[in-house]
Number of protein chains: 2
Amino acid sequence: MSAEKKNLSTVSEHTGLARFMAACEHRQPDATPVWFMRQAGSTFGAYRKMLEKYDVLTIAKTPELSSQVALFPIQELGVDAAVLFADIMLPIEEMGVELHLEPEVGPIIHHPIRDIQAVEALRTPARDEVTPFVMNGIRLIRRELEGKQAVIGIAGAPFTLACYLIEGRPSRDYRHAKAMMYSRPDLWHALMEKISTVIANYLVAQVQAGANVVQVFDSWVGSLSPSAYRTFVLPYTQRVFQAVKATGAPAIHFGTGTASLLNVMTEAGGDVMSIDWRMDLDTAWERIGYERGIQGNLDPALMLTSWPVIEENMRDVLRRAANRPGHIFNFGHAMPIGSQADLLRRLVEAVHEQTQR
Amino acid sequence: MSAEKKNLSTVSEHTGLARFMAACEHRQPDATPVWFMRQAGSTFGAYRKMLEKYDVLTIAKTPELSSQVALFPIQELGVDAAVLFADIMLPIEEMGVELHLEPEVGPIIHHPIRDIQAVEALRTPARDEVTPFVMNGIRLIRRELEGKQAVIGIAGAPFTLACYLIEGRPSRDYRHAKAMMYSRPDLWHALMEKISTVIANYLVAQVQAGANVVQVFDSWVGSLSPSAYRTFVLPYTQRVFQAVKATGAPAIHFGTGTASLLNVMTEAGGDVMSIDWRMDLDTAWERIGYERGIQGNLDPALMLTSWPVIEENMRDVLRRAANRPGHIFNFGHAMPIGSQADLLRRLVEAVHEQTQR
């Protein structure tokens, strides 16, 4: 190998993109890649300033704005990936559902889907019709990053989106959704069928627009038993992951409160399983199998403490990851609103430094 | 054995009390005992009528009223145990904390405990000073039941009560509590020390007043990792269970979202572990060990469906319990407000019938 070639390859191995893709594809990266769920947000003054002029949904739907927001954490924190700035409910609008983002509450649907008429009325748009502003946003992020960091596309998983559609608002117990699931399986399956088609299309379109990897958020799945998951969720989530697999892009499968679901969720798909802090990372990885990657799992509540406490807990996560290839460092769930940029930056640096190979 | 004696013993074996205690003490009962978390409440017209005259806290603090409410499900549903009608936050008032029950929100504390002054100001009342109205309520219930059903005393576990005290209101992520736990362990341990002393006293006093068994509610513990539980919670919960053990009364240890915590929680104590529906009952029991009992674990959301769906899922729970001694049938968490009395009654009857030995 010539000196020039060797140099080139060294350079490219040391980008955030190379690091991130290596972990996703289970090769040993030069250091453990880092990003944070909800990293693009209120931590940054420039974003808070943007919010004075536009509401969140307008920002998410304007590629020039959403791509800027997605890039703040690259510039300010040094993370290895930019994540699409979008609510997981966005593709739902394309199904013909009116959506309203209520500050401090979340997405509200004025006419929740609770009968066969409502399910039948849902549209399943084709791939090139799904939220063009999202795809243009991804193109802009990808162009700006110039191959230095990864672009993460995102979507809600069928179960979590079905819960939103049926409940109409964030819920603690998903009682309407579960009542439909248990007592109207016909309706439930028809709804999941439509949602998974749309989500599969949505994710494939994101990869085609330039997303290097996608993360599927099953944020609410932790409310199910393993047998309910197997009957009512597995086939649909599986279909979504199969569609992504066909593109060649790796996929991250995220959930919280999934200690009893981990095995059956792994069956549903994902090159990397994202776990929350409720499980010890080593225990979870052993269950998932070392041929898959793992993402996580610092307790986000730690961001409200101080650096020595954060560092101690970060070391514990890294100790449990034990330098195995396939670890992506992240919180176990979204970072708290108001997390301090200097602490986050220090965390990114420390993970990179501690894991340099 | 004389015919008379045999007859007597048969009668006593067929009471709800005998059934309940047998399950707690790991002897084979004549049928699986049943009760429901939140069974004393809005399901009954007589309770709703009472609410027109008194607020919830007044009812809980008036033995003549609270004991009536506790008896409704005995009369109307045929459950095997009456449970004390009290908020788990009641003993907190005796520590000098002002408490306010907000409808549809829950207990609110106007001055959350967040510094050393606040922790030091907390009182730790002696056993005979803790909520005399609770003890009198238990005496009344016990007298009315005439040994036919069990009386269950209740208390919040130290972690859950500490979260309430620090957050000041129900929370989704317990961020203030966890921030204190992680970054001010001195403060945290001082607080847990005081709370566990008060809770131990409170439960022993309930047993002395006539509770046959107690249930300790660690409703929020599912937000912790196993290692955080071991460091910050285990010693205190253990102390509470040790105090109950010394009285000879069996104890039930309740939590939700505890799939990754089950082993370390079992270490903390409890003759019976109460699990939610997120775990399959057979898997959980195997982990707990068959020398302990198990309580649960029907998904309470099922009460919003119809009898055939409830029955099918009840059969699944019983199949997983596999007729082992030590199963108490219950929901995995509190039953939903507005559950129908006729469905609940049918459920009690069906469990008894299906498990007759």
# chains A, B, ... in the order shown; residues from 1 in each chain; ligands from 1

call {"tool": "residues_around", "arguments": {"residues": "Leu191 of chain B", "least_positions_apart": "4", "cutoff": "7 Å", "atoms": "only C-alpha atoms", "output": "ChimeraX atom specification"}}
result
/B:119,187,195

call {"tool": "write_last_selection", "arguments": {"atoms": "C-alpha atoms", "output": "tab-separated table (two decimals), in the first residue's frame"}}
result
chain	number	residue	atom	x	y	z
B	119	VAL	CA	-34.58	16.64	55.18
B	187	LEU	CA	-28.96	13.92	51.24
B	195	ILE	CA	-38.65	7.43	55.33

call {"tool": "interface_residues", "arguments": {"of": "chain A", "to": "chain B", "cutoff": "8 Å", "atoms": "only C-alpha atoms", "output": "list in words"}}
result
Asp173, Arg175, Lys178, Ala179, Tyr182, Ser183, Gly222, Ser223, Leu224, Ser225, Pro226, Ser227, Gly257, Ala259, Ser260, Trp277, Arg278, Met279, Asp280, Ala301, Leu302, Leu304, Thr305, Ser306 and Val309 of chain A

call {"tool": "select_by_dssp", "arguments": {"residues": "segment 76-191 of chain B", "states": "strand (DSSP E or B)", "output": "list in words"}}
result
Ala81, Ala82, Val83, Leu99, His100, Leu101, Glu102, Gly106, Pro107, Ile108, Ile109, Ala150, Val151, Ile152, Gly153, Ile154, Ala155 and Gly156 of chain B

call {"tool": "residues_around", "arguments": {"residues": "Arg324 of chain A", "least_positions_apart": "5", "cutoff": "12 Å", "atoms": "only C-alpha atoms", "output": "CSV table (one decimal) with N, CA and C atoms, in the first residue's frame"}}
result
chain,number,residue,atom,x,y,z
A,22,ALA,N,-19.1,1.9,11.0
A,22,ALA,CA,-18.4,0.8,11.5
A,22,ALA,C,-19.1,0.1,12.7
A,23,ALA,N,-19.6,1.0,13.6
A,23,ALA,CA,-20.3,0.4,14.7
A,23,ALA,C,-21.6,-0.3,14.3
A,26,HIS,N,-20.8,-3.5,12.6
A,26,HIS,CA,-20.1,-4.4,13.5
A,26,HIS,C,-18.7,-4.6,13.2
A,27,ARG,N,-18.0,-3.6,12.7
A,27,ARG,CA,-16.6,-3.6,12.5
A,27,ARG,C,-16.1,-2.7,13.7
A,28,GLN,N,-14.8,-2.9,14.1
A,28,GLN,CA,-14.3,-2.1,15.2
A,28,GLN,C,-14.0,-0.7,14.7
A,29,PRO,N,-14.6,0.4,15.3
A,29,PRO,CA,-14.4,1.7,14.9
A,29,PRO,C,-13.1,2.3,15.6
A,30,ASP,N,-12.6,3.4,15.2
A,30,ASP,CA,-11.4,4.0,15.8
A,30,ASP,C,-11.7,4.5,17.2
A,31,ALA,N,-13.0,4.8,17.5
A,31,ALA,CA,-13.5,5.1,18.8
A,31,ALA,C,-15.0,4.9,18.8
A,32,THR,N,-15.6,4.8,20.0
A,32,THR,CA,-17.0,4.6,20.0
A,32,THR,C,-17.8,5.8,19.5
A,281,LEU,N,-26.1,-2.5,30.5
A,281,LEU,CA,-25.8,-2.7,29.1
A,281,LEU,C,-25.2,-4.1,28.8
A,282,ASP,N,-24.4,-4.6,29.8
A,282,ASP,CA,-23.7,-5.9,29.5
A,282,ASP,C,-24.8,-7.1,29.5
A,285,TRP,N,-26.8,-6.8,26.3
A,285,TRP,CA,-26.1,-7.2,25.1
A,285,TRP,C,-25.9,-8.7,25.0
A,286,GLU,N,-25.7,-9.3,26.2
A,286,GLU,CA,-25.7,-10.8,26.2
A,286,GLU,C,-27.0,-11.4,25.7
A,289,GLY,N,-27.4,-10.8,21.9
A,289,GLY,CA,-26.4,-11.5,21.1
A,289,GLY,C,-25.4,-10.6,20.5
A,290,TYR,N,-24.1,-10.9,20.6
A,290,TYR,CA,-23.0,-10.0,20.3
A,290,TYR,C,-22.9,-9.8,18.8
A,291,GLU,N,-23.6,-10.6,18.0
A,291,GLU,CA,-23.6,-10.3,16.5
A,291,GLU,C,-24.4,-9.1,16.2
A,292,ARG,N,-25.2,-8.6,17.1
A,292,ARG,CA,-25.9,-7.3,16.9
A,292,ARG,C,-25.2,-6.2,17.7
A,293,GLY,N,-25.4,-4.9,17.2
A,293,GLY,CA,-24.9,-3.8,17.9
A,293,GLY,C,-25.8,-3.4,19.1
A,294,ILE,N,-25.3,-2.5,19.9
A,294,ILE,CA,-26.2,-2.0,21.0
A,294,ILE,C,-26.0,-0.5,21.1
A,318,LEU,N,-19.3,2.4,29.6
A,318,LEU,CA,-18.2,1.9,28.7
A,318,LEU,C,-17.5,0.6,29.2
A,319,ARG,N,-17.4,0.5,30.5
A,319,ARG,CA,-16.9,-0.7,31.1
A,319,ARG,C,-17.8,-1.9,30.7
A,355,THR,N,-12.3,5.6,24.5
A,355,THR,CA,-12.5,4.4,23.7
A,355,THR,C,-11.5,4.4,22.5
A,357,ARG,N,-8.9,3.5,19.9
A,357,ARG,CA,-8.3,2.2,19.7
A,357,ARG,C,-7.1,2.3,18.8

call {"tool": "residues_around", "arguments": {"residues": "Asn212 of chain A", "least_positions_apart": "6", "cutoff": "8 Å", "atoms": "only C-alpha atoms", "output": "PyMOL selection string"}}
result
chain A and resi 21+150-153+249-250

call {"tool": "write_last_selection", "arguments": {"atoms": "N, CA, C and O atoms", "output": "JSON list (two decimals), in the first residue's frame"}}
result
[["chain", "number", "residue", "atom", "x", "y", "z"],
["A", 21, "MET", "N", -20.66, 4.20, 11.00],
["A", 21, "MET", "CA", -21.02, 3.08, 10.13],
["A", 21, "MET", "C", -20.31, 1.80, 10.57],
["A", 21, "MET", "O", -20.88, 0.71, 10.50],
["A", 150, "ALA", "N", -22.40, 11.03, 10.06],
["A", 150, "ALA", "CA", -23.52, 10.26, 9.53],
["A", 150, "ALA", "C", -24.81, 11.07, 9.61],
["A", 150, "ALA", "O", -24.96, 11.96, 10.44],
["A", 151, "VAL", "N", -25.75, 10.75, 8.72],
["A", 151, "VAL", "CA", -27.09, 11.32, 8.79],
["A", 151, "VAL", "C", -28.04, 10.21, 9.24],
["A", 151, "VAL", "O", -28.10, 9.15, 8.61],
["A", 152, "ILE", "N", -28.75, 10.46, 10.33],
["A", 152, "ILE", "CA", -29.70, 9.47, 10.84],
["A", 152, "ILE", "C", -31.12, 9.87, 10.44],
["A", 152, "ILE", "O", -31.59, 10.96, 10.80],
["A", 153, "GLY", "N", -31.79, 9.01, 9.70],
["A", 153, "GLY", "CA", -33.21, 9.21, 9.42],
["A", 153, "GLY", "C", -34.03, 8.59, 10.54],
["A", 153, "GLY", "O", -33.55, 7.69, 11.23],
["A", 249, "ALA", "N", -29.06, 0.02, 4.04],
["A", 249, "ALA", "CA", -28.72, 0.91, 5.16],
["A", 249, "ALA", "C", -28.98, 0.19, 6.49],
["A", 249, "ALA", "O", -29.97, -0.52, 6.62],
["A", 250, "PRO", "N", -28.09, 0.37, 7.46],
["A", 250, "PRO", "CA", -28.35, -0.25, 8.77],
["A", 250, "PRO", "C", -29.47, 0.46, 9.52],
["A", 250, "PRO", "O", -29.77, 1.63, 9.24]]

call {"tool": "closest_residue", "arguments": {"among": "A:Asp115, A:Glu311, A:Glu353, A:Asp218", "to": "Ala155 of chain A", "atoms": "only C-alpha atoms"}}
result
A:Asp218

call {"tool": "residues_around", "arguments": {"residues": "Arg230 of chain A", "least_positions_apart": "6", "cutoff": "12 Å", "atoms": "only C-alpha atoms", "output": "number ranges by chain"}}
result
A: 159, 221, 224, 236-238, 261-268

call {"tool": "residues_around", "arguments": {"residues": "Trp220 of chain B", "least_positions_apart": "5", "cutoff": "8 Å", "atoms": "only C-alpha atoms", "output": "ChimeraX atom specification"}}
result
/B:159-160,163,255-256

call {"tool": "select_by_dssp", "arguments": {"residues": "segment 106-353 of chain A", "states": "alpha helix (DSSP H)", "output": "ChimeraX atom specification"}}
result
/A:116-121,132-145,158-167,175-183,185-209,226-232,234-245,262-268,281-288,307-321,341-353

call {"tool": "closest_residue", "arguments": {"among": "B:Thr43, B:Ser67, B:Asn330, B:Thr124", "to": "Glu193 of chain B", "atoms": "only C-alpha atoms"}}
result
B:Thr124

call {"tool": "atom_distance", "arguments": {"atom1": "atom CA of Asp271 of chain B", "atom2": "atom CA of Met89 of chain B"}}
result
23.4 Å

call {"tool": "residues_around", "arguments": {"residues": "segment 136-138 of chain B", "least_positions_apart": "3", "cutoff": "7 Å", "atoms": "only C-alpha atoms", "output": "ChimeraX atom specification"}}
result
/B:63-64,66-67,84,132-133,141-142,209-211

call {"tool": "atom_distance", "arguments": {"atom1": "atom CA of Ala70 of chain A", "atom2": "atom CA of Glu102 of chain A"}}
result
21.4 Å
